[in-house]
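What follows is one structure encoded as structure tokens, with my remarks underneath.
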Amino acid sequence: MSSDAAAIHAVEVTINGERYERPALARQLLVHFLRDTLGLRGTHIGCDTGNCGACTVICDGRLTKSCMLLAAQADGCEITTVEGLAPARGDLTPLQAAFNAEHGVQCGYCTPGMLMSASFLLERNPNPSEHEIRRGLKGNICRCTGYENIVRAVQSAARAAAAATAKGNS
Amino acid sequence: MLLRAVEYVRPDSPVEAIAALRSSRHARVLAGGQSLVNVLKHRVAACELLVDISRIDELRFIDAGQDGSVRIGAATTYDELDRSSQLRASHPRVAEVASGTVDQQVRCRGTIGGNACYNDPASNFPPLLVALGATMRIESADGPREVDAEDFFFAPFETAVGTGELLHSIVLPPLSGRGVGHSSILLAQDSWALARACAVIEANGVVQDVRLVLGCVGPAPVRARAVEDRLRGAQLSAGAIEAAVPAAREGLTPVSDVHASAEYRLEMAVVVAQRALLQAAEHLSA
Amino acid sequence: MTDFTAPDAVVETIESVQQELGRWTGKSIPRKEDRRLLKGQGQFVDDAWMFRQGYVHFLRSPHGHANIRSIDTTKAEAVPGVYATMTGAEMAEQCEPFFRIAPDPAARIEEYPLALKARFQGDAVAVVLAETRELARDAAELIEVDYEPLPAVVDAVRAADPRSPVLHEEIGSNLAWHGIYDYGDIDWALENADHVVRIDRLHFHRFSSTPLECQGALVNWDPGTDQIEILSNIQFPMFATQVLGPSLGVGQDQLLWRYQDSGGAFGNKIAMYPQIAALALISRKAGRPAKWTEYRSEHMLSCGMGNERTFLDIEVPVMRDGTILGFRMRAFDDAGAYLHYEPLGAVIWSQVVPGCYRFKHVNVDYTETLTNKCPTVPNRGYSRLQHLWMIERLVDTVAHELEFDPVQLRKLNYVQPEDYPYETPNGCIYDSGDLPLTLDKALALIDYPSARERQRSVASSGAGKRIGIGIGSTLDSGTNNFGQARIINPDLPFSGNGEAATVRLDLYGEIFCTLGSSPTGQGHETTAAQVVADILGASPADVRVHAGFNKEHGAYVGFSGTYASQFAVTGINAAIGAARLLRAEIATVAAAALQCEGADIQLEAGVASYRGDGERAIPLIGIANLVYANNAELPPEVADGVSLNCRYVYRPPFQVPDPVTKRGNLTLTYAVQIHACVIELDEQTGQVRILDYGAVDDCGNRINPQIVEGQVHGATGLGVGAALYEAFNYSEAGQLLNASFYDYHAVTALDVPAIKTDHLESPSPFTPNGAKGMGEGGGAPLATICSAIQDALGPGAELVSDSHNPPERVWRLLRSTGARGVEVQTR
């Protein structure tokens, strides 16, 4: 068995605009680094096979399940987590507000990862079809909602953004 | 789930990566990590050193040649393949397969090289690479060597890439009017495959050449030569395909598992073979 | 004959309560709890942390069945950073076995927090507490267990065979429970029916809802106070506390349960008490808080799974006009290796003996056995969805075999609107509904005539596809009468049900509410705020409902928790009751302050006034001031009579069922779900694709329609998953073949179809607010999808006899030329 002693890495990351530098064991997953080392507990863990997407963050522009990336791999990266979407005490983002309005949240456990995937999708494709939304969220398992209201929330956020853009252009 | 203690290095070049791989008996290449990290979490494989190649720029590229061929760096992600206009133009079905791989998160991290080297029997790329006649470029301390995709895949986790070696890139030859088809039977959408087939047809009314490769029915992709032989030289038609595909069963050794029996996989191999061939025929250039 | 007529006093209260609800109740206001959840500010169990805490790793048996010859923890204890290890034997010396619901012989099973013999793959045999999660797992790998593997039994029917391996030697067999439910006269019905339809076997498969957040707990046995603090997402803490107190030898006041947010439960998180007991004991040993967060693969192996049930020798008497008289059958339910909540499932199904139908003659020989599989736990639709699925299969089979139209046959046999309140053969009272209309609405959602047209055109197109149309009619029986436990074991001291809540006015006039429920995503903070706001003339925004469960600070009764589709009845009516008590106190204080009668006080927008006169009024802050800090201003008889801290217990009007006849009213409300779907079936591959899906729900008065619809969507999603994708399979040796989300395909956004919904509102006459519990659903998608597959297979096909239909199973049904599994005898 290898020992942890020789496997401590300095990890420097920028998360939601804030720079952190902390030691991490080579075997530590990014999700545990976020949750246990940095105390950013909005990113959740729902499985151990990279299927559920509860741990999804955006890392250097890539939608990433943080349970399938070592903390050491994220060294030097810029990461956005759910805590980076809206200010801790401020207004919800339009996407978050749409999840609230359309009842896209039940237990709330998949929600942070779901929001990261939906944000990523809308950034790439501001006007997705229902099928494109379902494809974009396929890596995020929700056991409460049957996905219906989550899909509606993303559709509603996309419509609101389009309306805001149209208004801005006129 | 937590990994066993392990060491980690992130080399800057293939040469450094190969040196690192040679430094430990239980070293493994960490590319996208979308399979390997899970294997390590479940502690079912020995590993002392992870050699992270995911940020080596020299391994991340999609280069289209003048002749319609395309060279893909091993650490290129599915998402990069999906979004490559060059690949969409030269090998649209390859981009399509990439875009149907698992989910967006896996597409953003998982690599074509990792997919090939993992060689899961249910995986999507190995049969496609064999059908397309891809060439795999492997680097080692002794220099580069090239292996036909057909000779690359041995068994799960076992490929032509030996200890201390690194898959560098994959060359897809030009399609030159050949039609490509792929068909899968999945347990659920973009999910676990029970049967896969990839077909490449060259024809001008008569089948000049055909390659039909099956997945999920053996430890590595299987070329359905009996079907190919029946079709080669035949007038291309749905009827000819239908008559030829039952021969796909020959020599297959699918396994039974919790998702499907060997019998079902065998029968489905025939179904996907037919569908892939029909699709390839549809996509022949005039 | 059960007396189901509500007493006059109850009726009067019901009418007056419903008059008071309406401004906010019944509106789809957005949920109050969403904000923190959307910002990643929820507090889930793994987010909890205590000073000096250690991490727990359970070592679990790799064998399905094995004796443990010895366990050596020496190497694990030598790892630096390991605080303590414990084995089953050590724990058994320090606690009493858990109490059993089962009667003899299964009552004699002695179960401790860790196993002394491995009875399923995943049975916990030792535990490590260490400084980090990594170290705990590393050290657990160093524990040496000498197993003697034993033959396993993984089939409930075979487990009943005396020649099968026995799991618990102390009871001498694998029998968890056996009983005969006999209502009406099935022999007469079978003799006098025009047709008897016989079905060999139906099998309802094992699956679970696998909440996205696994189980977990952080337990600290405080050496100073001997209080045990338990932060855990267990969903029925008041059941666990009744098990753990006697086992650990501590008083109920020493067990301090709490949590804030829970990432879903669906029944699966009810039976966590063995793990919590183990955490308490190792916490005491190490003198440290012990934290355990279940891994997903650990959850799949050992958390608990839904009831698998096999129905044998089903006989259905049918009259010439299609009237179905009832059924006879044998049922074998698979309890798995331990009875953590079982054998309650052996009676819970009888809340819905005839399903949606007017069946009069029913005979069920029911056996529950122990097998070398993960223990069964309640799973959304607990024990009823198996039975309801069987009934829908039976009705569809009658329609197919005797060539009745499946819609008309259902309508003929449904309980009719004018029959309510309807007494079932075993004395349960269906409260209200309109099943034929509900079915019509479901058929309208999928445009039934067009779907039939499409079925014909696809069939004649030769494209290798078939269309199938399915119907599933189910019930969600809500608010248990715990007296039904006595049908399982007459010695159990349980009956009735209830829930508690407090509504208080705090020092500066703040309204806040505590609940006894333990929500897991159902929006209790919002719906409770809606009703309290209505009673107190406030806005939901002004009512703070404290999140989660807290035994020390909240309200509770022995039934407190979230399960069995009851919050809309028990929890909400407790909140309504407490708010009404508070309103009366406010009126008393205001009347004293405003020199008028309490009856003249109006409460609106935070102000109590004399008949709405803004000049003669006192704000809530003034009321609170008088009671909390200015009581010399109040007449003593007023000051002594109010606390502004009002606790109310809602108690449904139940009687104790009769354990001998197995009769009684077992649940208070019956919500209805009728689903309809259109599928496309690929003849070459057996793959099923859902083309259209409609779900109609009738749960009486809805407190928040959007939340109700969300529950319908969720129950539908899980049901679709179970019908097509999700199953737990074991090898003959007891190895679980899908122990992770790799192999257990939890449905994704691509697998669940768009869900169309509609509703009826048939108020329950038995609940003060007219609501019915509805969160579980009745597993309608399983019935609906099986019905659609059978429809696509067409006349003369083999029976769709399994609730789980992955591609290969359907492919085999398409090709079947052998026994069809069904026969008809006509006189």
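Residues are referred to by chain and number: the chain letter is A, B, ... according to the order shown in the structure tokens, the number counts from 1 in that chain, and ligands are numbered separately from 1 in the order shown.
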Using only C-alpha atoms, which protein or nucleic acid residues come within 10 Å of stretch 97-101 of chain A? Drop anything in the same chain fewer than 3 positions from it, and give the result as number ranges by chain. A: 91-94, 104-106, 111, 115, 149-158, 160; C: 28-35, 37-38, 706
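For chain B, the residues close to chain A, meaning within 6 Å and counting only C-alpha atoms, are Met1, Leu3, Ala5, Val6, Glu7, Tyr8, Gln34, Val37, Asn38, Asp103, Gln105 and Cys108 of chain B.
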Could those selected residues go to a file with N, CA and C atoms, as a compact mmCIF listing (two decimals), in the first residue's frame?
```
# COMPACT_ATOMS: atom_id res chain seq x y z
N MET B 1 -16.94 7.43 -1.51
CA MET B 1 -15.93 6.37 -1.60
C MET B 1 -14.57 7.02 -1.78
N LEU B 3 -10.35 6.75 -2.36
CA LEU B 3 -9.29 5.97 -2.97
C LEU B 3 -8.31 5.49 -1.89
N ALA B 5 -4.40 5.23 -0.73
CA ALA B 5 -3.31 6.18 -0.88
C ALA B 5 -2.64 5.96 -2.23
N VAL B 6 -2.28 7.07 -2.87
CA VAL B 6 -1.73 7.00 -4.22
C VAL B 6 -0.86 8.24 -4.42
N GLU B 7 0.09 8.17 -5.35
CA GLU B 7 0.87 9.36 -5.68
C GLU B 7 0.36 9.89 -7.01
N TYR B 8 0.63 11.18 -7.23
CA TYR B 8 0.08 11.86 -8.40
C TYR B 8 1.13 12.78 -9.00
N GLN B 34 -12.88 9.61 -15.96
CA GLN B 34 -14.31 9.37 -15.78
C GLN B 34 -14.63 7.90 -15.56
N VAL B 37 -11.13 6.93 -12.06
CA VAL B 37 -11.31 7.40 -10.68
C VAL B 37 -12.36 6.56 -9.97
N ASN B 38 -13.39 6.16 -10.70
CA ASN B 38 -14.42 5.32 -10.07
C ASN B 38 -13.88 3.94 -9.72
N ASP B 103 -23.08 11.70 -20.60
CA ASP B 103 -23.74 12.95 -20.22
C ASP B 103 -22.78 14.11 -20.40
N GLN B 105 -21.32 16.18 -18.35
CA GLN B 105 -20.15 16.24 -17.47
C GLN B 105 -19.07 15.28 -17.97
N CYS B 108 -17.37 16.52 -21.01
CA CYS B 108 -16.42 17.60 -20.78
C CYS B 108 -15.07 17.11 -20.26
```
For chain B, which residues have at least one atom within 10 Å of chain C, if we go by only C-alpha atoms? Write them as a ChimeraX atom specification, please. /B:1-5,42,185-192,194,257-261,263-265,267-268,270-272
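Coordinates place atom CA of C:Met329 at a distance of 12.5 Å from atom CA of C:Gly179.
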What parts of stretch 175-352 of chain C does DSSP call alpha helix (DSSP H)? I'd like the answer as a PyMOL selection string. chain C and resi 186-192+237-248+273-286+296-302+345-348
For the contact check between chain A and chain C, emit one row per residue of chain A within 6 Å, containing the shortest atom pair and the distance in Å rounded to one decimal, counting only C-alpha atoms, chain then rising number order, as JSON lines.
```
{"residue": "A:Gly42", "atom": "CA", "partner": "C:Gly40", "partner_atom": "CA", "distance": 3.8}
{"residue": "A:Gly46", "atom": "CA", "partner": "C:Leu212", "partner_atom": "CA", "distance": 5.2}
{"residue": "A:Cys47", "atom": "CA", "partner": "C:Arg296", "partner_atom": "CA", "distance": 4.6}
{"residue": "A:Asp48", "atom": "CA", "partner": "C:Arg296", "partner_atom": "CA", "distance": 5.8}
{"residue": "A:Val82", "atom": "CA", "partner": "C:Gly40", "partner_atom": "CA", "distance": 5.9}
{"residue": "A:Glu83", "atom": "CA", "partner": "C:Lys39", "partner_atom": "CA", "distance": 6.0}
{"residue": "A:Ala101", "atom": "CA", "partner": "C:Pro30", "partner_atom": "CA", "distance": 5.7}
{"residue": "A:Gln106", "atom": "CA", "partner": "C:Gly521", "partner_atom": "CA", "distance": 4.3}
{"residue": "A:Cys107", "atom": "CA", "partner": "C:Gly521", "partner_atom": "CA", "distance": 3.5}
{"residue": "A:Gly108", "atom": "CA", "partner": "C:Leu37", "partner_atom": "CA", "distance": 5.3}
{"residue": "A:Tyr109", "atom": "CA", "partner": "C:Gly263", "partner_atom": "CA", "distance": 4.9}
{"residue": "A:Pro112", "atom": "CA", "partner": "C:Gly40", "partner_atom": "CA", "distance": 5.9}
{"residue": "A:Arg134", "atom": "CA", "partner": "C:Ala749", "partner_atom": "CA", "distance": 5.1}
{"residue": "A:Lys138", "atom": "CA", "partner": "C:Ala749", "partner_atom": "CA", "distance": 5.3}
{"residue": "A:Ile141", "atom": "CA", "partner": "C:Thr748", "partner_atom": "CA", "distance": 5.7}
{"residue": "A:Cys144", "atom": "CA", "partner": "C:Gly714", "partner_atom": "CA", "distance": 4.8}
{"residue": "A:Thr145", "atom": "CA", "partner": "C:Gly714", "partner_atom": "CA", "distance": 4.2}
{"residue": "A:Gly146", "atom": "CA", "partner": "C:Gly717", "partner_atom": "CA", "distance": 4.2}
{"residue": "A:Tyr147", "atom": "CA", "partner": "C:Ala749", "partner_atom": "CA", "distance": 5.7}
```
Expected file contents, prior selection, C-alpha atoms, as a PDB file, in the first residue's frame:
```
ATOM      1  CA  GLY A  42     -23.384  23.441  -1.180  1.00  0.00           C
ATOM      2  CA  GLY A  46     -25.076  11.396  -4.048  1.00  0.00           C
ATOM      3  CA  CYS A  47     -23.171   8.399  -5.358  1.00  0.00           C
ATOM      4  CA  ASP A  48     -19.738   6.906  -5.710  1.00  0.00           C
ATOM      5  CA  VAL A  82     -23.475  26.759  -6.427  1.00  0.00           C
ATOM      6  CA  GLU A  83     -22.354  29.295  -3.841  1.00  0.00           C
ATOM      7  CA  ALA A 101     -41.477  29.706  -9.359  1.00  0.00           C
ATOM      8  CA  GLN A 106     -38.302  19.291  -3.606  1.00  0.00           C
ATOM      9  CA  CYS A 107     -35.705  17.922  -1.192  1.00  0.00           C
ATOM     10  CA  GLY A 108     -33.086  20.254  -2.652  1.00  0.00           C
ATOM     11  CA  TYR A 109     -30.252  17.752  -2.602  1.00  0.00           C
ATOM     12  CA  PRO A 112     -26.940  22.635  -6.639  1.00  0.00           C
ATOM     13  CA  ARG A 134     -33.299  16.839 -20.901  1.00  0.00           C
ATOM     14  CA  LYS A 138     -29.049  13.831 -18.108  1.00  0.00           C
ATOM     15  CA  ILE A 141     -30.221  12.457 -11.099  1.00  0.00           C
ATOM     16  CA  CYS A 144     -38.117  13.745  -6.222  1.00  0.00           C
ATOM     17  CA  THR A 145     -39.444  15.735  -9.155  1.00  0.00           C
ATOM     18  CA  GLY A 146     -39.689  13.324 -12.062  1.00  0.00           C
ATOM     19  CA  TYR A 147     -37.705  16.115 -13.780  1.00  0.00           C
TER      20      TYR A 147
END
```
Under the rule that only C-alpha atoms are counted, which of A:Leu38, A:Cys52, A:Ala161, A:Ile79 is the nearest residue to A:Ile15?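 So, comparing all the options, the nearest one is A:Ile79.
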Quick one: residues within 8 Å of B:Leu214, only C-alpha atoms, excluding same-chain residues fewer than 5 positions away - as a PyMOL selection string? chain B and resi 127+195-198+221-224+269+273
Next, the residues of the selection above should be written as a PDB file, in the first residue's frame with N, CA and C atoms.
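selection35.pdb written:
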```
ATOM      1  N   PRO B 127     -15.510  -0.185 -31.148  1.00  0.00           N
ATOM      2  CA  PRO B 127     -15.989  -0.764 -32.421  1.00  0.00           C
ATOM      3  C   PRO B 127     -15.976   0.250 -33.561  1.00  0.00           C
ATOM      4  N   ALA B 195     -25.894  -4.078 -26.903  1.00  0.00           N
ATOM      5  CA  ALA B 195     -25.334  -4.510 -28.189  1.00  0.00           C
ATOM      6  C   ALA B 195     -24.977  -3.261 -28.986  1.00  0.00           C
ATOM      7  N   ARG B 196     -23.891  -3.367 -29.728  1.00  0.00           N
ATOM      8  CA  ARG B 196     -23.504  -2.238 -30.581  1.00  0.00           C
ATOM      9  C   ARG B 196     -22.977  -2.792 -31.904  1.00  0.00           C
ATOM     10  N   ALA B 197     -23.184  -1.994 -32.953  1.00  0.00           N
ATOM     11  CA  ALA B 197     -22.564  -2.334 -34.220  1.00  0.00           C
ATOM     12  C   ALA B 197     -22.164  -1.057 -34.935  1.00  0.00           C
ATOM     13  N   CYS B 198     -21.033  -1.105 -35.621  1.00  0.00           N
ATOM     14  CA  CYS B 198     -20.604  -0.001 -36.469  1.00  0.00           C
ATOM     15  C   CYS B 198     -20.298  -0.600 -37.850  1.00  0.00           C
ATOM     16  N   PRO B 221     -13.813  -5.502 -29.483  1.00  0.00           N
ATOM     17  CA  PRO B 221     -14.651  -5.400 -30.679  1.00  0.00           C
ATOM     18  C   PRO B 221     -14.425  -6.593 -31.612  1.00  0.00           C
ATOM     19  N   VAL B 222     -15.500  -7.036 -32.243  1.00  0.00           N
ATOM     20  CA  VAL B 222     -15.427  -8.228 -33.104  1.00  0.00           C
ATOM     21  C   VAL B 222     -15.790  -7.838 -34.527  1.00  0.00           C
ATOM     22  N   ARG B 223     -14.955  -8.182 -35.458  1.00  0.00           N
ATOM     23  CA  ARG B 223     -15.309  -7.962 -36.863  1.00  0.00           C
ATOM     24  C   ARG B 223     -16.166  -9.094 -37.359  1.00  0.00           C
ATOM     25  N   ALA B 224     -17.298  -8.734 -37.925  1.00  0.00           N
ATOM     26  CA  ALA B 224     -18.232  -9.763 -38.411  1.00  0.00           C
ATOM     27  C   ALA B 224     -17.857 -10.095 -39.841  1.00  0.00           C
ATOM     28  N   ALA B 269     -27.160  -8.595 -31.539  1.00  0.00           N
ATOM     29  CA  ALA B 269     -26.019  -8.308 -32.410  1.00  0.00           C
ATOM     30  C   ALA B 269     -26.486  -8.321 -33.861  1.00  0.00           C
ATOM     31  N   ALA B 273     -26.492  -5.044 -36.213  1.00  0.00           N
ATOM     32  CA  ALA B 273     -25.699  -5.183 -37.436  1.00  0.00           C
ATOM     33  C   ALA B 273     -26.516  -4.721 -38.636  1.00  0.00           C
TER      34      ALA B 273
END
```
